[in-house]
Structures are given as C-alpha cells and as structure tokens.
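Structure file structure01.tsv (TSV, C-alpha atoms) follows.
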chain	number	residue	atom	x	y	z
A	20	MET	CA	27.13	35.10	-16.59
A	21	THR	CA	25.94	34.87	-13.03
A	22	THR	CA	27.98	32.68	-10.78
A	23	ILE	CA	27.69	31.83	-7.14
A	24	ALA	CA	30.83	33.84	-6.45
A	25	SER	CA	29.20	36.96	-7.89
A	26	THR	CA	25.97	36.41	-5.98
A	27	LEU	CA	27.64	35.97	-2.62
A	28	PRO	CA	27.52	38.88	-0.19
A	29	ARG	CA	30.58	41.09	-0.43
A	30	ASP	CA	31.45	40.82	3.23
A	31	LEU	CA	32.18	37.13	3.03
A	32	PRO	CA	35.65	36.47	4.44
A	33	THR	CA	38.36	36.06	1.84
A	34	PRO	CA	41.20	34.71	3.91
A	35	ALA	CA	44.69	35.07	2.62
A	36	SER	CA	46.74	35.05	5.79
A	37	THR	CA	47.03	32.87	8.83
A	38	ALA	CA	45.12	35.43	10.87
A	39	ASP	CA	42.32	35.38	8.35
A	40	ARG	CA	42.29	31.63	8.44
A	41	ALA	CA	41.90	31.82	12.20
A	42	ASN	CA	38.87	34.04	11.67
A	43	VAL	CA	37.43	31.57	9.23
A	44	ALA	CA	37.84	28.84	11.82
A	45	THR	CA	35.11	30.55	13.76
A	46	THR	CA	32.89	31.09	10.76
A	47	SER	CA	29.61	32.54	11.89
A	48	ASP	CA	26.36	30.81	11.16
A	49	SER	CA	25.09	33.87	9.32
A	50	THR	CA	27.99	33.80	6.84
A	51	LEU	CA	27.45	30.13	6.20
A	52	ASP	CA	23.70	30.67	5.96
A	53	ARG	CA	24.18	33.33	3.28
A	54	PHE	CA	26.48	31.05	1.32
A	55	LEU	CA	24.06	28.13	1.41
A	56	LYS	CA	21.16	30.40	0.56
A	57	ALA	CA	23.03	31.69	-2.47
A	58	ILE	CA	23.83	28.21	-3.72
A	59	GLU	CA	20.74	26.20	-2.83
A	60	ARG	CA	18.62	27.02	-5.88
A	61	ARG	CA	21.27	25.93	-8.35
A	62	ALA	CA	22.02	22.88	-6.25
A	63	LEU	CA	18.35	21.94	-6.30
A	64	ARG	CA	18.15	22.35	-10.06
A	65	MET	CA	21.24	20.19	-10.56
A	66	ALA	CA	19.84	17.50	-8.29
A	67	GLU	CA	16.48	17.72	-10.00
A	68	LEU	CA	18.04	17.31	-13.43
A	69	ALA	CA	19.93	14.29	-12.12
A	70	THR	CA	17.00	12.57	-10.43
A	71	GLY	CA	14.01	13.84	-12.38
A	72	ASN	CA	12.21	14.13	-9.07
A	73	ARG	CA	11.72	17.14	-6.81
A	74	GLU	CA	11.46	15.20	-3.55
A	75	GLU	CA	14.58	13.18	-4.23
A	76	ALA	CA	16.37	16.37	-5.23
A	77	LEU	CA	15.40	18.11	-1.99
A	78	ASP	CA	16.64	15.16	0.04
A	79	LEU	CA	19.93	15.14	-1.82
A	80	VAL	CA	20.45	18.88	-1.39
A	81	GLN	CA	19.69	18.63	2.32
A	82	ASP	CA	22.16	15.74	2.61
A	83	ALA	CA	24.74	17.80	0.77
A	84	MET	CA	24.18	20.75	3.10
A	85	PHE	CA	24.63	18.54	6.14
A	86	GLY	CA	27.78	16.98	4.73
A	87	PHE	CA	29.22	20.32	3.71
A	88	VAL	CA	28.58	21.97	7.08
A	89	ARG	CA	29.93	18.95	8.95
A	90	HIS	CA	33.14	18.59	6.99
A	91	TYR	CA	33.98	21.84	5.26
A	92	ALA	CA	32.41	24.74	7.15
A	93	GLU	CA	35.73	25.67	8.70
A	94	LYS	CA	37.51	25.82	5.35
A	95	PRO	CA	38.28	29.22	3.80
A	96	ALA	CA	35.20	30.75	2.19
A	97	PRO	CA	36.63	30.89	-1.37
A	98	GLU	CA	36.87	27.11	-1.29
A	99	TRP	CA	33.27	26.61	-0.24
A	100	THR	CA	31.58	26.57	-3.63
A	101	PRO	CA	33.67	23.78	-5.23
A	102	LEU	CA	33.61	21.87	-1.94
A	103	PHE	CA	29.84	22.10	-1.75
A	104	TYR	CA	29.50	20.84	-5.30
A	105	ARG	CA	31.91	18.03	-4.51
A	106	VAL	CA	29.62	16.90	-1.69
A	107	LEU	CA	26.57	17.23	-3.91
A	108	ASP	CA	28.30	15.33	-6.71
A	109	ASN	CA	29.05	12.50	-4.27
A	110	ARG	CA	25.42	12.36	-3.24
A	111	LEU	CA	24.28	12.30	-6.87
A	112	ASN	CA	26.71	9.48	-7.70
A	113	ASP	CA	25.47	7.49	-4.69
A	114	TRP	CA	21.89	8.09	-5.73
A	115	HIS	CA	22.57	6.80	-9.25
A	116	ARG	CA	24.34	3.72	-7.92
A	117	ARG	CA	21.45	2.92	-5.60
A	118	ARG	CA	18.95	3.44	-8.40
A	119	ARG	CA	20.82	1.07	-10.71
A	120	VAL	CA	20.83	-1.62	-8.05
A	121	ARG	CA	17.15	-1.02	-7.30
A	122	VAL	CA	16.18	-1.27	-10.95
A	123	ARG	CA	18.19	-4.48	-11.31
A	124	TRP	CA	16.47	-6.06	-8.31
A	125	ILE	CA	13.04	-4.93	-9.37
A	126	ASP	CA	13.70	-6.32	-12.82
A	127	ALA	CA	14.82	-9.68	-11.41
A	128	PHE	CA	11.84	-9.84	-9.07
A	129	VAL	CA	9.37	-9.07	-11.81
A	130	ARG	CA	10.85	-11.77	-14.06
A	131	ASP	CA	10.59	-14.30	-11.24
A	132	GLY	CA	7.02	-13.31	-10.57
A	133	GLU	CA	6.14	-13.45	-14.27
A	134	THR	CA	4.04	-10.33	-14.08
A	135	ASP	CA	3.55	-7.93	-16.91
A	136	THR	CA	4.62	-4.86	-14.91
A	137	ASP	CA	7.52	-3.01	-16.51
A	138	ALA	CA	10.06	-2.22	-13.79
A	139	LEU	CA	11.58	0.53	-15.85
A	140	ALA	CA	8.24	2.25	-15.92
A	141	GLN	CA	8.71	2.89	-12.20
A	142	VAL	CA	11.89	4.86	-12.87
A	143	PRO	CA	11.49	8.59	-13.59
A	144	ASP	CA	11.39	9.31	-17.30
A	145	PRO	CA	14.60	11.11	-18.23
A	146	ALA	CA	12.82	12.84	-21.11
A	147	ASP	CA	10.19	14.26	-18.80
A	148	PRO	CA	10.94	17.98	-18.47
A	149	GLY	CA	10.08	17.91	-14.77
A	150	PRO	CA	7.62	20.01	-12.82
A	151	LEU	CA	9.76	23.13	-12.78
A	152	LEU	CA	10.11	23.60	-16.48
A	153	ARG	CA	6.61	22.39	-17.14
A	154	LEU	CA	5.57	25.42	-15.13
A	155	ALA	CA	8.15	27.63	-16.79
A	156	GLY	CA	6.42	26.72	-19.96
A	157	THR	CA	8.68	27.82	-22.75
A	158	GLN	CA	9.46	25.25	-25.36
A	159	ALA	CA	13.15	26.03	-25.33
A	160	ALA	CA	13.34	25.67	-21.56
A	161	ARG	CA	11.54	22.37	-21.79
A	162	ALA	CA	13.85	21.15	-24.52
A	163	LEU	CA	16.93	22.18	-22.54
A	164	ASP	CA	15.63	20.45	-19.44
A	165	SER	CA	14.93	17.25	-21.36
A	166	ALA	CA	18.29	17.35	-23.10
A	167	LEU	CA	20.13	17.88	-19.83
A	168	THR	CA	18.17	15.12	-18.11
A	169	GLU	CA	19.06	12.68	-20.84
A	170	LEU	CA	22.78	13.32	-20.53
A	171	PRO	CA	24.86	10.86	-18.54
A	172	LEU	CA	25.49	12.08	-15.00
A	173	ARG	CA	29.15	12.96	-15.47
A	174	GLN	CA	28.55	14.83	-18.72
A	175	ARG	CA	25.71	16.80	-17.18
A	176	GLN	CA	27.77	17.68	-14.11
A	177	ALA	CA	30.69	18.78	-16.28
A	178	PHE	CA	28.38	20.98	-18.33
A	179	LEU	CA	26.60	22.53	-15.36
A	180	LEU	CA	29.75	23.21	-13.38
A	181	ARG	CA	31.78	24.52	-16.31
A	182	VAL	CA	29.11	26.40	-18.23
A	183	TRP	CA	26.49	27.37	-15.68
A	184	GLU	CA	28.59	27.70	-12.55
A	185	GLY	CA	31.57	29.10	-14.46
A	186	PHE	CA	34.20	26.90	-12.85
A	187	ASP	CA	37.51	26.47	-14.62
A	188	VAL	CA	38.67	23.01	-15.64
A	189	ALA	CA	40.76	22.44	-12.51
A	190	THR	CA	37.97	23.44	-10.12
A	191	THR	CA	35.47	21.33	-12.01
A	192	ALA	CA	37.85	18.37	-11.85
A	193	ALA	CA	38.25	18.88	-8.10
A	194	SER	CA	34.49	19.06	-7.60
A	195	MET	CA	33.92	15.92	-9.68
A	196	ARG	CA	36.96	14.11	-8.28
A	197	CYS	CA	38.30	13.27	-11.69
A	198	SER	CA	41.15	14.40	-13.92
A	199	GLU	CA	41.08	17.60	-15.93
A	200	GLY	CA	41.24	15.48	-19.08
A	201	SER	CA	38.08	13.68	-18.04
A	202	VAL	CA	36.32	17.00	-17.48
A	203	LYS	CA	37.26	18.12	-20.99
A	204	THR	CA	36.04	14.87	-22.48
A	205	HIS	CA	32.75	14.92	-20.56
A	206	LEU	CA	32.16	18.55	-21.45
A	207	SER	CA	32.94	18.03	-25.12
A	208	ARG	CA	30.49	15.15	-25.36
A	209	ALA	CA	27.87	17.07	-23.41
A	210	LEU	CA	28.18	20.10	-25.68
A	211	ALA	CA	27.91	17.94	-28.79
A	212	ALA	CA	24.83	16.12	-27.49
A	213	LEU	CA	23.13	19.32	-26.36
A	214	ARG	CA	23.89	21.11	-29.60
A	215	ARG	CA	22.29	18.28	-31.55
A	216	ARG	CA	19.22	18.30	-29.32
A	217	LEU	CA	18.83	22.06	-29.21
A	218	GLU	CA	19.74	23.11	-32.72
A	219	ALA	CA	16.07	23.38	-33.60
A	220	TYR	CA	15.71	26.15	-31.03
A	221	GLN	CA	18.70	28.21	-32.14
B	3	MET	CA	37.14	33.18	-23.15
B	4	ASN	CA	36.22	29.51	-23.17
B	5	GLU	CA	35.72	27.69	-26.44
B	6	PHE	CA	32.03	27.19	-25.65
B	7	ASP	CA	31.44	30.87	-24.93
B	8	ARG	CA	31.62	31.52	-28.69
B	9	GLN	CA	28.54	29.40	-29.20
B	10	PRO	CA	25.43	31.58	-28.94
B	11	TRP	CA	23.16	28.81	-27.69
B	12	ILE	CA	25.31	28.51	-24.57
B	13	ASP	CA	24.21	31.97	-23.41
B	14	ASP	CA	20.59	31.01	-24.00
B	15	ALA	CA	21.10	27.83	-22.01
B	16	ARG	CA	22.59	29.78	-19.13
B	17	ALA	CA	19.73	32.25	-19.18
B	18	LEU	CA	17.17	29.45	-19.17
B	19	LEU	CA	18.91	27.71	-16.30
B	20	ASP	CA	19.08	30.95	-14.32
B	21	GLU	CA	15.41	31.54	-15.02
B	22	SER	CA	14.48	28.06	-13.85
B	23	ALA	CA	16.46	28.54	-10.63
B	24	GLN	CA	14.66	31.81	-9.97
B	25	ALA	CA	11.28	30.24	-10.68
B	26	ILE	CA	11.39	27.83	-7.79
B	27	ASP	CA	8.13	28.05	-5.87
B	28	ALA	CA	7.75	29.37	-2.35
B	29	ALA	CA	6.92	26.01	-0.80
B	30	THR	CA	10.13	24.50	-2.12
B	31	LEU	CA	12.12	27.53	-1.00
B	32	SER	CA	10.63	27.12	2.46
B	33	ARG	CA	11.75	23.49	2.54
B	34	LEU	CA	15.20	24.52	1.39
B	35	ASN	CA	15.27	27.08	4.18
B	36	ARG	CA	14.37	24.42	6.74
B	37	ALA	CA	17.03	22.12	5.35
B	38	ARG	CA	19.59	24.90	5.60
B	39	GLN	CA	18.67	25.72	9.17
B	40	ALA	CA	18.82	22.06	10.13
B	41	ALA	CA	22.27	21.76	8.57
B	42	LEU	CA	23.49	24.84	10.42
B	43	ALA	CA	22.00	23.66	13.70
B	44	GLN	CA	24.57	20.88	13.90
B	45	ARG	CA	27.30	23.52	14.33
B	46	ARG	CA	25.75	25.08	17.39
B	47	PRO	CA	27.25	23.87	20.65
B	48	ARG	CA	25.12	21.09	21.91
B	49	ARG	CA	24.88	20.23	25.57
B	50	ARG	CA	27.90	18.17	26.35
B	51	ALA	CA	27.23	14.58	27.12
B	52	ALA	CA	26.80	14.26	30.90
B	53	TRP	CA	29.79	11.97	31.28
B	54	TRP	CA	30.26	13.20	34.86
B	55	LEU	CA	26.81	12.12	36.03
B	56	PRO	CA	27.76	8.49	36.88
B	57	ALA	CA	30.89	9.68	38.70
B	58	ALA	CA	28.91	12.27	40.67
B	59	GLY	CA	26.31	9.65	41.56
B	60	LEU	CA	29.01	7.27	42.74
B	61	ALA	CA	30.64	10.00	44.85
B	62	CYS	CA	27.31	10.94	46.45
B	63	SER	CA	26.56	7.31	47.23
B	64	GLY	CA	30.01	6.88	48.81
B	65	ALA	CA	29.60	10.02	50.91
B	66	LEU	CA	26.17	8.87	52.09
B	67	LEU	CA	27.53	5.44	53.02
B	68	LEU	CA	30.42	7.01	54.96
B	69	ALA	CA	28.05	9.31	56.82
B	70	ILE	CA	25.84	6.37	57.81
B	71	VAL	CA	28.81	4.29	58.96
B	72	ALA	CA	30.27	7.20	60.95
B	73	TRP	CA	26.99	8.19	62.52
B	74	ALA	CA	25.46	4.79	63.34
B	75	PRO	CA	27.73	3.81	66.34
B	76	LEU	CA	26.92	7.11	68.05
B	77	ARG	CA	23.26	6.32	68.29
B	78	PRO	CA	22.06	5.24	71.76
B	79	THR	CA	21.62	1.50	71.97
B	80	HIS	CA	18.58	1.80	74.26
B	81	PRO	CA	15.53	3.72	73.26
B	82	VAL	CA	15.52	6.51	75.84
B	83	ASP	CA	11.88	7.31	75.65
B	84	ALA	CA	10.56	3.77	75.87
B	85	ALA	CA	8.01	3.62	78.67
B	86	PRO	CA	8.64	1.00	81.33
B	87	GLY	CA	6.60	-2.11	80.69
B	88	SER	CA	5.95	-1.11	77.14
B	89	GLY	CA	6.61	-3.58	74.36
B	90	ALA	CA	9.71	-1.66	73.30
B	91	ALA	CA	11.17	-1.68	76.82
B	92	VAL	CA	10.54	-5.41	77.28
B	93	LEU	CA	12.02	-6.15	73.88
B	94	SER	CA	15.05	-4.03	74.70
B	95	ALA	CA	15.62	-5.79	78.03
B	96	GLU	CA	15.27	-9.20	76.44
B	97	THR	CA	17.60	-8.21	73.66
B	98	ASP	CA	20.20	-7.04	76.16
B	99	ALA	CA	19.83	-10.22	78.12
B	100	VAL	CA	20.43	-12.36	75.11
B	101	ALA	CA	23.09	-10.13	73.55
B	102	GLY	CA	25.56	-9.95	76.49
B	103	ASP	CA	27.15	-13.05	78.09
B	104	ASP	CA	27.81	-11.16	81.33
B	105	SER	CA	24.19	-10.14	81.67
B	106	PHE	CA	23.07	-13.68	80.98
B	107	GLU	CA	25.29	-15.05	83.78
B	108	PHE	CA	23.99	-12.33	86.06
B	109	TYR	CA	20.44	-13.48	85.56
B	110	GLN	CA	21.47	-17.14	86.09
B	111	ASP	CA	22.98	-16.23	89.47
B	112	LEU	CA	20.21	-13.91	90.48
B	113	GLU	CA	19.09	-16.09	93.41
B	114	PHE	CA	22.68	-16.23	94.73
B	115	TYR	CA	22.96	-12.45	94.63
B	116	ALA	CA	19.62	-12.14	96.43
B	117	TRP	CA	20.81	-14.57	99.17
B	118	LEU	CA	24.13	-12.69	99.45
B	119	ASP	CA	22.32	-9.41	99.81
B	120	ALA	CA	20.12	-10.87	102.55
B	121	GLN	CA	23.19	-12.20	104.39
B	122	GLU	CA	24.86	-8.82	104.29
B	123	GLN	CA	21.76	-7.13	105.64
B	124	ASP	CA	21.56	-9.65	108.49
B	125	SER	CA	25.18	-9.15	109.42
B	126	ASP	CA	24.72	-5.38	109.37
B	127	GLY	CA	21.60	-5.61	111.49
So, in terms of structure tokens, how does the structure I just supplied come out?
Amino acid sequence: MTTIASTLPRDLPTPASTADRANVATTSDSTLDRFLKAIERRALRMAELATGNREEALDLVQDAMFGFVRHYAEKPAPEWTPLFYRVLDNRLNDWHRRRRVRVRWIDAFVRDGETDTDALAQVPDPADPGPLLRLAGTQAARALDSALTELPLRQRQAFLLRVWEGFDVATTAASMRCSEGSVKTHLSRALAALRRRLEAYQ
Amino acid sequence: MNEFDRQPWIDDARALLDESAQAIDAATLSRLNRARQAALAQRRPRRRAAWWLPAAGLACSGALLLAIVAWAPLRPTHPVDAAPGSGAAVLSAETDAVAGDDSFEFYQDLEFYAWLDAQEQDSDG
C-alpha cells in the first residue's frame, strides 16, 4: 500500500525533541512544497469523489492548502498529513452543507415559479463516474468511482482515510473530528456498501 | 493487519485509486501547482504595513511649521531692493505709515517740524 508517509521525501524533519521542534518552527517553503505536492493528487481525488466536479474539487483543495499553510505549517511534519485531511474534511463538510441549502432554495423557487425544471437535475449526478475515470476507462475503475461517489460523505471519508491513506482508527477520527467508534461504524457501512456494489467485479 | 486487508477487493480498490491519482492530466496538475504556490506565498514575509507613515508625515509637517515660525521674524520688513518711486516702495511707505502710530503722528506734525527746523536755521544764521 502506498501512503503519503511513504511517498514523502526522506529528508522531511521528524521532530522528537524541543530543538527539533524549534527547527520545525522555521519550516522551509521547499519542505512544505514537497509535502503538499505529495498529497495534492489524493486530495483532489477525494474532493472530486465528494463533489462530482473537477472545478469544485480544485477550489476545495486550494482552500484546504491555504487553510493548512495558515494554521498548521509550523506544526511538526509527522502531524501534517492528518492535519491536512482535517482541513480538507472541513471544507468538504462545508461544501455539502452549502449544496443542501442551495438545492432546498432552488427547489422552493421552482415550486413557486411553477416551472417544469427539475432542480435536482442541476446537482451533479452521484452515479456519474466523473471525467477522470471516464478517461481511465476500465469498467472496474468506473464502478469503484460510482460506488464511492454514492456513499455518504462520512462513510466515504472513513473509507478513503482508513483504506487508501492507511490511517489508523485514532488518526482517522482526529482527521474527521469524530469518535473512534464513529469511524468504525462509518467504515463498516462503507465496506458493506462497496462490497455489494463491486462484487460483480471480483 | 486490519480486518479489511483480508478482503482481496480492497487491494484492487487501492490500486484503482492510486491509478486514478496518477492519471491526473497535466493541465490539472498545473492548476494544483499554482494553488500550492499561492498557498505557500502567504508564508513569505510581506512588506509590513506602513504604520509609521502617518507619524512621519506629522513629524515632517511639525518640523516645517517650526522652521517657518523661527525663520519668518528674521526676514527684513522692508524690501531692500525696491527702487525708489516704484510701486513696491510706495506701498511699503504707506504700509509703514499706517502700521505705526508714531510714524502717523510724525506725518501729522510734519508742518510743525518744518517750521521748527526753519527757526533753528534762522537762529543759527
């Protein structure tokens, strides 16, 4: 399994002492740049699976990068990955909240206007595999993308962080700002749903 | 080993996800790069806000005002190079006449002084 930790450059600081922490306090831009570069592709895929839209995903990842650099850049490097995903998770939650409100308002407006336009048709189709996997082309990849997109946000995040990113339960819980029990529940449901959807490809 | 690691489809899912992350096109990677650079740019020391500019302006204004106040009384009251009979000379004489009470009285008693002068000359002669 490839994780962000294993893809990071080896000379990243791994502070254990106060002196090391002092070094981290003056984290160089190049170290931070390498970290963000190593994590950005996965972050984009996660955001894309959550939004079903490349542009929205890019905006969310950029927001997450800004938030991470602003608030957590001076933290010790080993803490960066879960902290980055915490910021991204916040952005994804906000995005979903805003979308729910938008859909509700559009729905109310359309009813008042008595038009035949379906407001939900304006929302990205969760079953749409998305441009990335359409290009990737394989049926299994497309099925996985659709299955992941259809999962509720928290279940998908639990799956991606635990299974793809390789976080343990505690780190996943910290990234998602929920209890370890919730992570286990979300993951269990996600695995069951994905297994059902993907059993044809096994 | 996690409980889900025993399920073979999990490895396939990971591989597919890795593949999809590697398949991101160059244009998107370029935008990610720009986003990353923009995020990092906020760490670089920006020019400090010029909070001292108003104070410096005030100090300069005060110094200029002091210099004017200190220098103004030293200026000659009469324009030295005003030609006799010129407009400036006449104006200056009239201004002096009006400005000083002593000078005004002098001009009022001018005839008396002229008579006194004539008397003194007669007595001398």
### Task
Compute the set of chain B residues within 9 Å of chain A, using all atoms listed in the file, and express it as a VMD selection string.
chain B and resid 6 to 7 10 to 27 30 to 31 33 to 35 37 to 46
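Between CA of His90 in chain A and CA of Pro47 in chain B there is a distance of 15.8 Å.
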### Query
What separation in Å, quoted to one decimal, exists between CA of Glu199 in chain A and CA of Glu75 in chain A?
29.3 Å
### 12 Å contact set for Leu180 in chain A, only C-alpha atoms, chain neighbours under 3 positions out, as a PyMOL selection string
(chain A and resi 22-23+61-62+65+100-101+103-105+107-108+173-177+183-195+202-203+205-206+209) or (chain B and resi 16)
Writing out the chosen residues with C-alpha atoms as a short mmCIF file (atom, residue, chain, number, x, y, z; two decimals), in the frame of the given file:
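Output saved as selection.cif:
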data_model
loop_
_atom_site.label_atom_id
_atom_site.label_comp_id
_atom_site.auth_asym_id
_atom_site.auth_seq_id
_atom_site.Cartn_x
_atom_site.Cartn_y
_atom_site.Cartn_z
CA THR A 22 27.98 32.68 -10.78
CA ILE A 23 27.69 31.83 -7.14
CA ARG A 61 21.27 25.93 -8.35
CA ALA A 62 22.02 22.88 -6.25
CA MET A 65 21.24 20.19 -10.56
CA THR A 100 31.58 26.57 -3.63
CA PRO A 101 33.67 23.78 -5.23
CA PHE A 103 29.84 22.10 -1.75
CA TYR A 104 29.50 20.84 -5.30
CA ARG A 105 31.91 18.03 -4.51
CA LEU A 107 26.57 17.23 -3.91
CA ASP A 108 28.30 15.33 -6.71
CA ARG A 173 29.15 12.96 -15.47
CA GLN A 174 28.55 14.83 -18.72
CA ARG A 175 25.71 16.80 -17.18
CA GLN A 176 27.77 17.68 -14.11
CA ALA A 177 30.69 18.78 -16.28
CA TRP A 183 26.49 27.37 -15.68
CA GLU A 184 28.59 27.70 -12.55
CA GLY A 185 31.57 29.10 -14.46
CA PHE A 186 34.20 26.90 -12.85
CA ASP A 187 37.51 26.47 -14.62
CA VAL A 188 38.67 23.01 -15.64
CA ALA A 189 40.76 22.44 -12.51
CA THR A 190 37.97 23.44 -10.12
CA THR A 191 35.47 21.33 -12.01
CA ALA A 192 37.85 18.37 -11.85
CA ALA A 193 38.25 18.88 -8.10
CA SER A 194 34.49 19.06 -7.60
CA MET A 195 33.92 15.92 -9.68
CA VAL A 202 36.32 17.00 -17.48
CA LYS A 203 37.26 18.12 -20.99
CA HIS A 205 32.75 14.92 -20.56
CA LEU A 206 32.16 18.55 -21.45
CA ALA A 209 27.87 17.07 -23.41
CA ARG B 16 22.59 29.78 -19.13
#
### Query
Which distance in Å separates CA of Thr204 in chain A and CA of Arg123 in chain A, to one decimal?
28.6 Å
Once 4 Å is added on each side, what are the centre and the three edge lengths, in Å to one decimal, of the axis-aligned box enclosing the listed atoms of range 117-127 of chain A? Present them as JSON.
{"center_x": 17.2, "center_y": -3.1, "center_z": -9.2, "size_x": 16.4, "size_y": 21.1, "size_z": 15.2}
